[in-house]
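Asker: Dropping in my_file.txt, which is compact mmCIF, C-alpha atoms:
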```txt
# COMPACT_ATOMS: atom_id res chain seq x y z
CA MET A 1 -15.42 15.75 -7.86
CA ILE A 2 -17.35 12.51 -7.48
CA ARG A 3 -15.49 9.64 -9.10
CA THR A 4 -17.05 6.48 -10.46
CA LEU A 5 -14.35 3.85 -10.18
CA ALA A 6 -14.31 1.25 -12.93
CA ARG A 7 -10.78 -0.15 -12.65
CA ILE A 8 -7.73 -0.48 -10.46
CA VAL A 9 -4.29 0.76 -11.55
CA ALA A 10 -1.23 -0.18 -9.50
CA THR A 11 2.42 0.83 -9.39
CA THR A 12 5.25 -0.64 -7.35
CA ASP A 13 8.93 -0.06 -6.67
CA VAL A 14 9.16 3.36 -8.31
CA HIS A 15 12.20 4.11 -6.10
CA SER A 16 12.10 7.85 -6.89
CA ALA A 17 12.89 7.16 -10.57
CA LEU A 18 11.18 10.35 -11.64
CA ALA A 19 13.47 11.46 -14.49
CA ASP A 20 11.45 9.47 -17.03
CA ALA A 21 8.18 9.29 -15.08
CA GLY A 22 6.34 12.01 -16.98
CA GLY A 23 4.56 9.54 -19.26
CA MET A 24 3.53 7.32 -16.37
CA LEU A 25 2.28 10.24 -14.30
CA ALA A 26 0.34 11.71 -17.24
CA HIS A 27 -1.24 8.31 -17.86
CA LEU A 28 -2.24 7.95 -14.19
CA HIS A 29 -3.64 11.49 -14.22
CA ASP A 30 -5.75 10.66 -17.29
CA LEU A 31 -7.04 7.44 -15.64
CA ARG A 32 -7.73 9.01 -12.25
CA PRO A 33 -11.38 10.04 -12.86
CA THR A 34 -12.40 6.39 -13.37
CA SER A 35 -9.64 4.44 -11.61
CA LEU A 36 -8.54 3.54 -8.12
CA ILE A 37 -4.81 4.30 -8.18
CA VAL A 38 -2.69 2.36 -5.71
CA ASP A 39 1.00 1.86 -4.98
CA CYS A 40 2.47 -1.33 -3.55
CA GLY A 41 5.45 0.23 -1.80
CA ASP A 42 8.96 1.58 -2.29
CA PHE A 43 7.92 4.77 -4.05
CA PHE A 44 10.79 6.46 -2.18
CA GLU A 45 14.60 6.25 -2.26
CA GLY A 46 16.92 5.29 -5.07
CA THR A 47 17.78 8.45 -7.04
CA GLY A 48 19.04 11.98 -6.65
CA TYR A 49 15.46 13.24 -6.67
CA TYR A 50 15.04 11.64 -3.28
CA GLN A 51 18.45 12.69 -1.99
CA LEU A 52 18.03 16.33 -2.99
CA GLY A 53 14.35 16.74 -2.17
CA ARG A 54 14.15 14.42 0.85
CA GLY A 55 10.98 12.88 -0.56
CA ARG A 56 9.03 16.12 -1.11
CA LEU A 57 8.31 15.46 -4.81
CA GLU A 58 7.37 11.82 -4.15
CA ARG A 59 5.07 12.88 -1.30
CA GLU A 60 3.38 15.46 -3.56
CA ILE A 61 2.78 12.84 -6.27
CA LEU A 62 1.40 10.27 -3.83
CA THR A 63 -0.92 12.65 -1.99
CA THR A 64 -2.38 14.23 -5.14
CA LEU A 65 -2.59 11.28 -7.52
CA TYR A 66 -2.90 8.08 -5.45
CA ASP A 67 -5.82 6.72 -3.46
CA VAL A 68 -4.30 3.88 -1.41
CA LEU A 69 -0.70 3.04 -0.49
CA ALA A 70 0.98 -0.09 0.79
CA PRO A 71 4.09 0.70 2.82
CA GLY A 72 7.44 -0.43 1.51
CA ASN A 73 10.72 -0.89 3.29
CA HIS A 74 12.35 1.99 1.40
CA GLY A 75 11.12 5.27 2.80
CA TRP A 76 9.35 3.55 5.72
CA PRO A 77 9.25 6.72 7.90
CA HIS A 78 7.44 8.66 5.15
CA TYR A 79 4.37 6.44 5.48
CA PHE A 80 3.80 7.91 8.96
CA GLU A 81 3.77 11.51 7.71
CA PRO A 82 0.50 13.44 7.60
CA GLY A 83 -1.23 12.95 4.28
CA LEU A 84 0.61 9.73 3.51
CA HIS A 85 -0.41 7.99 6.72
CA GLN A 86 -4.09 8.52 5.90
CA LEU A 87 -3.59 6.87 2.47
CA THR A 88 -1.58 3.91 3.78
CA VAL A 89 -3.15 0.58 4.68
CA CYS A 90 -1.38 -2.43 6.14
CA ALA A 91 -3.02 -5.38 7.85
CA ASN A 92 0.06 -6.89 9.48
CA ALA A 93 2.30 -4.06 10.79
CA ARG A 94 1.81 -3.62 14.53
CA SER A 95 3.08 -1.68 17.52
CA ASP A 96 5.16 -3.55 20.09
CA ILE A 97 3.60 -1.48 22.87
CA ASP A 98 -0.07 -2.30 22.44
CA GLY A 99 -0.22 -4.63 19.42
CA LYS A 100 -2.40 -2.16 17.52
CA SER A 101 -2.04 -1.64 13.80
CA LEU A 102 0.40 1.03 12.69
CA PHE A 103 -1.87 1.98 9.79
CA GLY A 104 -5.50 1.64 8.84
CA ARG A 105 -6.00 -2.03 8.05
CA ILE A 106 -8.66 -1.76 5.35
CA ARG A 107 -10.44 0.58 2.99
CA ILE A 108 -13.82 -0.40 1.58
CA LEU A 109 -14.55 1.22 -1.77
CA ASP A 110 -17.15 0.97 -4.50
CA ILE A 111 -15.44 -0.20 -7.70
CA ALA A 112 -17.56 -1.01 -10.75
CA GLY A 113 -20.62 -1.40 -8.53
CA ARG A 114 -18.96 -3.82 -6.11
CA ARG A 115 -17.88 -3.16 -2.53
CA VAL A 116 -14.19 -3.96 -2.57
CA ALA A 117 -12.04 -4.36 0.53
CA VAL A 118 -8.57 -2.98 -0.16
CA THR A 119 -5.80 -3.88 2.24
CA ALA A 120 -2.06 -4.46 2.18
CA VAL A 121 0.68 -6.48 3.79
CA ILE A 122 4.42 -6.08 4.08
CA GLY A 123 6.48 -9.24 4.03
CA ARG A 124 8.75 -10.16 6.91
CA GLN A 125 11.85 -9.98 4.70
CA ALA A 126 10.93 -6.45 3.53
CA PHE A 127 10.13 -5.37 7.08
CA ASP A 128 13.43 -6.76 8.36
CA ALA A 129 15.23 -4.76 5.63
CA ILE A 130 14.02 -1.49 7.20
CA PRO A 131 16.86 0.00 9.27
CA ALA A 132 16.40 -1.15 12.87
CA ALA A 133 16.18 2.40 14.23
CA GLN A 134 13.28 3.17 11.87
CA ARG A 135 11.25 0.12 12.92
CA ARG A 136 12.02 0.17 16.64
CA GLY A 137 8.89 -0.62 18.65
CA GLN A 138 7.22 -2.23 15.64
CA HIS A 139 6.76 -5.73 14.27
CA VAL A 140 4.82 -7.63 11.65
CA ILE A 141 2.59 -10.63 12.09
CA ASP A 142 2.07 -13.37 9.54
CA PRO A 143 0.35 -11.76 6.52
CA ALA A 144 -2.05 -14.70 6.02
CA ARG A 145 -3.12 -14.53 9.67
CA ALA A 146 -3.71 -10.77 9.40
CA LEU A 147 -5.77 -11.19 6.23
CA ARG A 148 -7.88 -13.97 7.75
CA GLU A 149 -8.57 -11.71 10.76
CA LEU A 150 -9.82 -9.01 8.39
CA LEU A 151 -11.96 -11.52 6.52
CA LEU A 152 -13.66 -12.58 9.74
CA GLU A 153 -14.37 -8.95 10.66
CA HIS A 154 -15.54 -7.70 7.28
CA HIS A 155 -16.72 -10.61 5.10
CA HIS A 156 -20.36 -9.57 5.38
CA HIS A 157 -19.55 -5.97 4.28
CA VAL A 158 -17.76 -6.62 0.99
CA ASP A 159 -18.14 -8.35 -2.37
CA ALA A 160 -14.46 -8.71 -3.23
CA TRP A 161 -10.99 -8.56 -1.65
CA MET A 162 -7.91 -6.81 -3.04
CA VAL A 163 -4.55 -7.25 -1.34
CA LEU A 164 -1.60 -4.97 -2.06
CA SER A 165 1.63 -6.64 -1.14
CA HIS A 166 5.21 -5.62 -0.62
CA SER A 167 6.51 -9.12 -0.11
CA GLY A 168 8.02 -10.43 -3.35
CA PHE A 169 6.50 -12.60 -6.06
CA GLU A 170 7.17 -16.04 -4.52
CA THR A 171 5.81 -14.91 -1.17
CA ASP A 172 2.77 -13.43 -2.91
CA LEU A 173 2.07 -16.80 -4.56
CA GLU A 174 2.21 -18.50 -1.15
CA LEU A 175 -0.06 -15.82 0.30
CA ALA A 176 -2.59 -16.27 -2.53
CA ALA A 177 -2.67 -20.02 -1.84
CA ALA A 178 -3.15 -19.42 1.91
CA CYS A 179 -5.87 -16.80 1.34
CA PRO A 180 -8.07 -18.03 -1.52
CA PHE A 181 -10.71 -15.43 -0.63
CA ALA A 182 -8.44 -12.67 -2.06
CA ASP A 183 -9.76 -11.85 -5.52
CA VAL A 184 -6.91 -9.53 -6.60
```
Will you turn the file into structure tokens for me?
Answerer:
Amino acid sequence: MIRTLARIVATTDVHSALADAGGMLAHLHDLRPTSLIVDCGDFFEGTGYYQLGRGRLEREILTTLYDVLAPGNHGWPHYFEPGLHQLTVCANARSDIDGKSLFGRIRILDIAGRRVAVTAVIGRQAFDAIPAAQRRGQHVIDPARALRELLLEHHHHVDAWMVLSHSGFETDLELAAACPFADV
């Protein structure tokens, strides 16, 4: 199916709250043919659905309904699983070994006739909240620095910039001020 994307729809901090998610999921399903559907992190952990299913239901929802994911601190290891890893973008999460990005840093998509760069960042506070054993060998760099690096590499390829963030509202405001080129 070829999709013509006209809008962006985002969720965040679902935390496996799937008992009453039927309406939300039906709405996303209805919007999917014309919408880029993204999640800003923490889709996992928080209810018995996660405890009993170990993330299987959440993984199924994300891989069949969503287009782009930002990693969150809850469920961090899931973002490295096949299927989810390919959907996840993050500009500032890096490997301690070689400094390379842990995820794809950018996706360029056609939305309403514009080439839109979609990327994500995870805030230092959120990253530090990941259990140490799960983030061993990994670090984050300053989100604004990572976004400026992407801008320098891709500014001539895109018409607009969209940043998914798992950083918190106050940090997002600071990031928006430091990166005025971000449109969304």
Asker: Write out as a list in words the residues lying within 7 Å of Val121 (chain A), counting only C-alpha atoms and excluding same-chain residues fewer than 6 positions away.
Answerer: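 Skipping anything fewer than 6 positions along the chain leaves Cys90, Ala91, Asn92, Pro143, Leu164, Ser165 and His166 of chain A.
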Asker: What does the file look like for those residues with C-alpha atoms, as an mmCIF file, in the frame of the given file?
Answerer:
```cif
data_model
loop_
_atom_site.group_PDB
_atom_site.id
_atom_site.type_symbol
_atom_site.label_atom_id
_atom_site.label_comp_id
_atom_site.auth_asym_id
_atom_site.auth_seq_id
_atom_site.Cartn_x
_atom_site.Cartn_y
_atom_site.Cartn_z
ATOM 1 C CA CYS A 90 -1.380 -2.430 6.140
ATOM 2 C CA ALA A 91 -3.020 -5.380 7.850
ATOM 3 C CA ASN A 92 0.060 -6.890 9.480
ATOM 4 C CA PRO A 143 0.350 -11.760 6.520
ATOM 5 C CA LEU A 164 -1.600 -4.970 -2.060
ATOM 6 C CA SER A 165 1.630 -6.640 -1.140
ATOM 7 C CA HIS A 166 5.210 -5.620 -0.620
#
```
Asker: Is there a way to get, as number ranges by chain, all residues within 6 Å of the point (-19.4, 2.3, -12.0) in file coordinates, counting all atoms listed in the file?
Answerer: A: 4-6, 112-113
Asker: Please provide the set of residues having any atom within 12 Å of region 94-97 of chain A, restricted to all atoms listed in the file, with same-chain residues fewer than 6 positions apart removed, written as a VMD selection string.
Answerer: chain A and resid 103 to 105 121 to 122 127 135 to 143 146
Asker: For region 73-88 of chain A, work out the shell of residues within 7 Å, counting only C-alpha atoms and skipping chain neighbours fewer than 3 positions away, then give it as a count of residues only.
Answerer: 15
Asker: Distance CA of Gln51 (chain A)-CA of Asp128 (chain A), one decimal place?
Answerer: 22.6 Å
Asker: Please indicate the distance in Å from CA of Arg148 (chain A) to CA of Asp110 (chain A), rounded to one decimal place.
Answerer: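 Taking CA of Arg148 (chain A) and CA of Asp110 (chain A), their separation equals 21.4 Å.
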Asker: Would you work out the distance separating CA of Ser167 (chain A) from CA of Ala133 (chain A), expressed in Å to one decimal?
Answerer: 20.8 Å
Asker: Excluding Tyr66 (chain A) and its own-chain neighbours fewer than 5 positions away, which residues fall within 10 Å of it when counting all atoms listed in the file? Please give them as an NGL selection string.
Answerer: :A and (9-11 or 28-29 or 32 or 35-39 or 60-61 or 84 or 87)
Asker: Considering all atoms listed in the file, can you say which of A:Ala144, A:Ile2, A:Leu150, A:Leu173 comes closest to Ile108 (chain A)?
Answerer: A:Leu150
Asker: Could you tell me which of A:Arg145, A:Arg7, A:His27, A:Arg54 comes closest to Leu175 (chain A) if we count all atoms listed in the file?
Answerer: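 Selected residue with least distance to Leu175 (chain A): A:Arg145.
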Asker: Of the candidates A:Val89, A:Leu109, A:Ala182, A:Cys40, which shows the shortest atom-to-atom distance to Leu151 (chain A), using all atoms listed in the file?
Answerer: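 Of A:Val89, A:Leu109, A:Ala182, A:Cys40, the one nearest Leu151 (chain A), counting all atoms listed in the file, is A:Ala182.
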Asker: Using the file's own x, y and z axes, what box holds all listed atoms of region 149-161 of chain A with 8 Å on each side, keeping edges along x, y and z, and what are its centre and edge lengths in Å to one decimal, as JSON?
Answerer:
```
{"center_x": -14.5, "center_y": -9.3, "center_z": 3.8, "size_x": 27.8, "size_y": 22.6, "size_z": 30.0}
```
Asker: Between A:Thr64, A:Phe181, A:Thr12, A:Leu31, which is the closest to Phe43 (chain A) once you count all atoms listed in the file?
Answerer: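 Nearest candidate to Phe43 (chain A) out of A:Thr64, A:Phe181, A:Thr12, A:Leu31: A:Thr12.
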